[in-house]
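The block underneath contains the structure these notes are about, expressed in C-alpha cells.
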Amino acid sequence: MIEQIADGASWAFIVTGAVFLVIGGIGVLRMPDVFTRLHAAGITDTLASGLILVGLMFQGGWTLVSVKLVLILLFLLFTSPVSSHALARAALHGGIRPILADSRGK
Amino acid sequence: MFTAAAAAILLTMGLAIVRALLGPTLYDRILAVNMFGTKTVLIIAVLGFLTGRPDFLDIALVYALINFIGVIAVLKFFEYGSLGAGRSDSRDPTS
Amino acid sequence: MAAIVDYAVLAFLAVTAVALLHFRNLFAVVMLASIYSLLSAALFVRLDAVDVAFTEAAVGAGISTILMLGSLALVGSKEERPRHTPIIPLLVVAVTGAALIYGTLDMPPFGRADNPVHQHVAPRYIQETPEKIDVPNVVTAVLASYRGYDTMGEVIVIFTAAIGVVLLLGIRQPRGEKESRSNEKGPTRGGKASE
C-alpha cells in the first residue's frame, strides 16, 4: 500500500517536472530577449529539476541513493539562481539592452 | 515513467541546442550551455534509474558543481576581459 | 527502452558537429564545443564507462572551454574564410569513412563475453588480481599495477600539457594593467546601473 502511494507520488512529480521542462524549453526558443530567456531557463534548471529529483527520490527509498539525490537537489537549488544572476549581470555589463515595453514602438 | 522523463529531458536538450545554434548574442549561447549542463546532470540521474544502476549519481553530483564553476569562469572572463595577461579589446560579445 | 537516448544523443552530436564547422565566430564555436563534450559524456555513460564520462565532462566542458576562451583573448575571435572549396578533401574523407564503416560490419556484437578479445589476458587478470595484487577493484589493479608504465606515461603527458598551457597563457597579471582597469571600470559600471 505504501509502495503504491510512493509510486503514485513519484509518477506525479516526474510527470509534472517533465511538463515544466518542455514548457521552459519552448520558452527559451520563443522569448524575444536574453533576459526573458533567462526566466525560461531558470524554470528548467531549478523548478523542473527539483520536481524530477524529488520524484526519483521516491523511487530510491530510504537508501544512500536518496541522500545523493538530496545533495544534487541542494546544489542545483543554490547554484542555478546564482548562475542566472551572474549571466544577467554579465549581459548587462556587456552591452545588451533589455527590450522594454516603451522601446518597441520606435 | 523513466522513459517519459528521459524523452522530455532529451527534447529540452534539443531545444537548448537550437538556442545555442540560433542565439544572436553570445550570452544566449552561454545560457544554452548552462541549461544543457543541468540537463546532462538530470539525464545521468534518470539513466541510472532506467538501467537499474543508480551508482552514477556521483558523476551527476560532481558535474553539477563543475558546470556551475565553468559558467561562472566564462562569465568572469567576459566581464573582466581576459583570464590573465591578454588584451581586453578583442572580445566580441554582441555578434 | 534506453535506446532512445542513444539515438537522440547521436543525432545531437551530428547536428552540433556540423554547426561547429559552419560558424565563423569563434566564441560561438567554443560554446558549441562545450555542448559537444557534454553529449560525449552522456554517450560514455550509456556505454557504462562512468569515469571516462566524468573526465570528459570535467575536462571538455569545464577546463577546455575556459582555456580556449583565454586563447581567444590573445588572438582575436574571427575565423578567416578558406580560400578554396574543400571538395576533394571531402571526397577523400567520405571514401575513407565508408571503407572503415564497411570494415566494422564484420565485428562481433559489442561486449559479449565470448568475443575473441576477452579470451587471452582478461581471464588471467581477473583470476590473479585477488591473490597476487591484493587491490579490491580489478580496473584499478589493471591501471595501477599491470599497466603501471602506461599510467605513468599519461601523468607525464598531462603534466607537460599543463606546463605548456601556463607558459603560453601567462596567468600572472601585470600590475599596471590591473590598476588602470580598475580605474576605468568604476564610472562605466555606475553609469550603466543608474540607467
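Residues in the C-alpha cells are named by chain (A, B, ... in the order shown) and by number from 1 within that chain; ligands are numbered from 1 in the order shown.
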
- Message: With only C-alpha atoms as the counted atoms, please give the residues lying no more than 8 Å from range 51-63 of chain C, apart from itself and same-chain residues fewer than 5 positions off, as number ranges by chain.
- Response: B: 59, 63, 66-67, 69-70; C: 33-35, 37-38, 40-45

Export of the given selection (N, CA and C atoms) as a tab-separated table (two decimals), in the first residue's frame:
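So the final result, stored in selection.tsv, reads:
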```
chain	number	residue	atom	x	y	z
B	59	ILE	N	28.71	10.88	-10.37
B	59	ILE	CA	29.10	11.67	-11.54
B	59	ILE	C	28.19	12.88	-11.69
B	63	TYR	N	29.41	16.71	-11.46
B	63	TYR	CA	29.28	17.52	-12.66
B	63	TYR	C	28.39	18.73	-12.43
B	66	ILE	N	30.80	21.26	-11.28
B	66	ILE	CA	31.74	21.72	-12.29
B	66	ILE	C	31.04	22.60	-13.32
B	67	ASN	N	29.81	22.29	-13.64
B	67	ASN	CA	29.05	23.10	-14.58
B	67	ASN	C	28.91	24.52	-14.05
B	69	ILE	N	30.79	26.07	-11.81
B	69	ILE	CA	32.07	26.77	-11.78
B	69	ILE	C	32.50	27.16	-13.19
B	70	GLY	N	32.26	26.30	-14.15
B	70	GLY	CA	32.64	26.61	-15.53
B	70	GLY	C	31.89	27.82	-16.06
C	33	ALA	N	31.45	23.62	-28.81
C	33	ALA	CA	32.37	22.53	-28.45
C	33	ALA	C	32.09	22.06	-27.03
C	34	SER	N	31.70	22.96	-26.15
C	34	SER	CA	31.33	22.56	-24.79
C	34	SER	C	30.11	21.66	-24.80
C	35	ILE	N	29.11	22.01	-25.63
C	35	ILE	CA	27.92	21.16	-25.73
C	35	ILE	C	28.31	19.80	-26.31
C	37	SER	N	31.12	18.23	-25.90
C	37	SER	CA	31.74	17.43	-24.83
C	37	SER	C	30.70	16.86	-23.89
C	38	LEU	N	29.65	17.64	-23.58
C	38	LEU	CA	28.61	17.13	-22.70
C	38	LEU	C	27.86	15.98	-23.34
C	40	SER	N	29.13	13.92	-25.54
C	40	SER	CA	30.02	12.76	-25.49
C	40	SER	C	30.02	12.13	-24.11
C	41	ALA	N	29.93	12.97	-23.07
C	41	ALA	CA	29.89	12.42	-21.72
C	41	ALA	C	28.63	11.58	-21.52
C	42	ALA	N	27.48	12.06	-22.05
C	42	ALA	CA	26.26	11.26	-21.93
C	42	ALA	C	26.41	9.95	-22.68
C	43	LEU	N	27.07	9.99	-23.86
C	43	LEU	CA	27.27	8.76	-24.62
C	43	LEU	C	28.15	7.77	-23.85
C	44	PHE	N	29.19	8.29	-23.16
C	44	PHE	CA	30.05	7.39	-22.40
C	44	PHE	C	29.30	6.78	-21.22
C	45	VAL	N	28.36	7.55	-20.62
C	45	VAL	CA	27.56	6.97	-19.55
C	45	VAL	C	26.72	5.83	-20.10
```

- Task: Return the neighbours of chain C among the residues of chain A, cut-off 12 Å, counting only C-alpha atoms, as a count of residues only.
- Result: 10

- Query: Can you list, as a VMD selection string, every residue of chain B that DSSP puts in alpha helix (DSSP H)?
  - Reply: chain B and resid 2 to 22 26 to 50 57 to 80

- Item | Non-local contacts of range 123-125 of chain C (9 Å; only C-alpha atoms; under 3 positions in same chain excluded) as a count of residues only | 9

- Between CA of Ala16 in chain B and CA of Gly25 in chain A, what is the spacing in Å?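 Separation between CA of Gly25 in chain A and CA of Ala16 in chain B: 6.9 Å.
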
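Proximity of B:Leu11, B:Leu26, B:Ala60, B:Ala73 to Val46 in chain B, computed with only C-alpha atoms, is greatest for B:Ala60.
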
Non-local contacts of Gly50 in chain A (10 Å; only C-alpha atoms; under 5 positions in same chain excluded) as a CSV table (one decimal) with C-alpha atoms, in the first residue's frame:
```csv
chain,number,residue,atom,x,y,z
A,13,PHE,CA,6.3,14.5,-9.5
A,14,ILE,CA,8.3,13.2,-12.5
A,17,GLY,CA,8.7,18.0,-13.8
A,43,ILE,CA,12.3,27.2,-14.9
A,44,THR,CA,14.0,24.2,-16.4
A,45,ASP,CA,17.1,24.5,-14.2
A,55,GLY,CA,10.2,12.1,-7.9
A,56,LEU,CA,13.4,10.0,-8.3
A,69,LEU,CA,19.7,12.9,-4.8
A,70,VAL,CA,19.1,15.3,-1.9
A,72,ILE,CA,22.2,17.1,-6.1
A,73,LEU,CA,18.9,19.0,-5.4
A,74,LEU,CA,20.5,21.2,-2.8
A,76,LEU,CA,21.1,22.9,-8.0
A,77,LEU,CA,18.8,25.0,-5.8
B,42,LEU,CA,19.3,15.1,-14.9
```
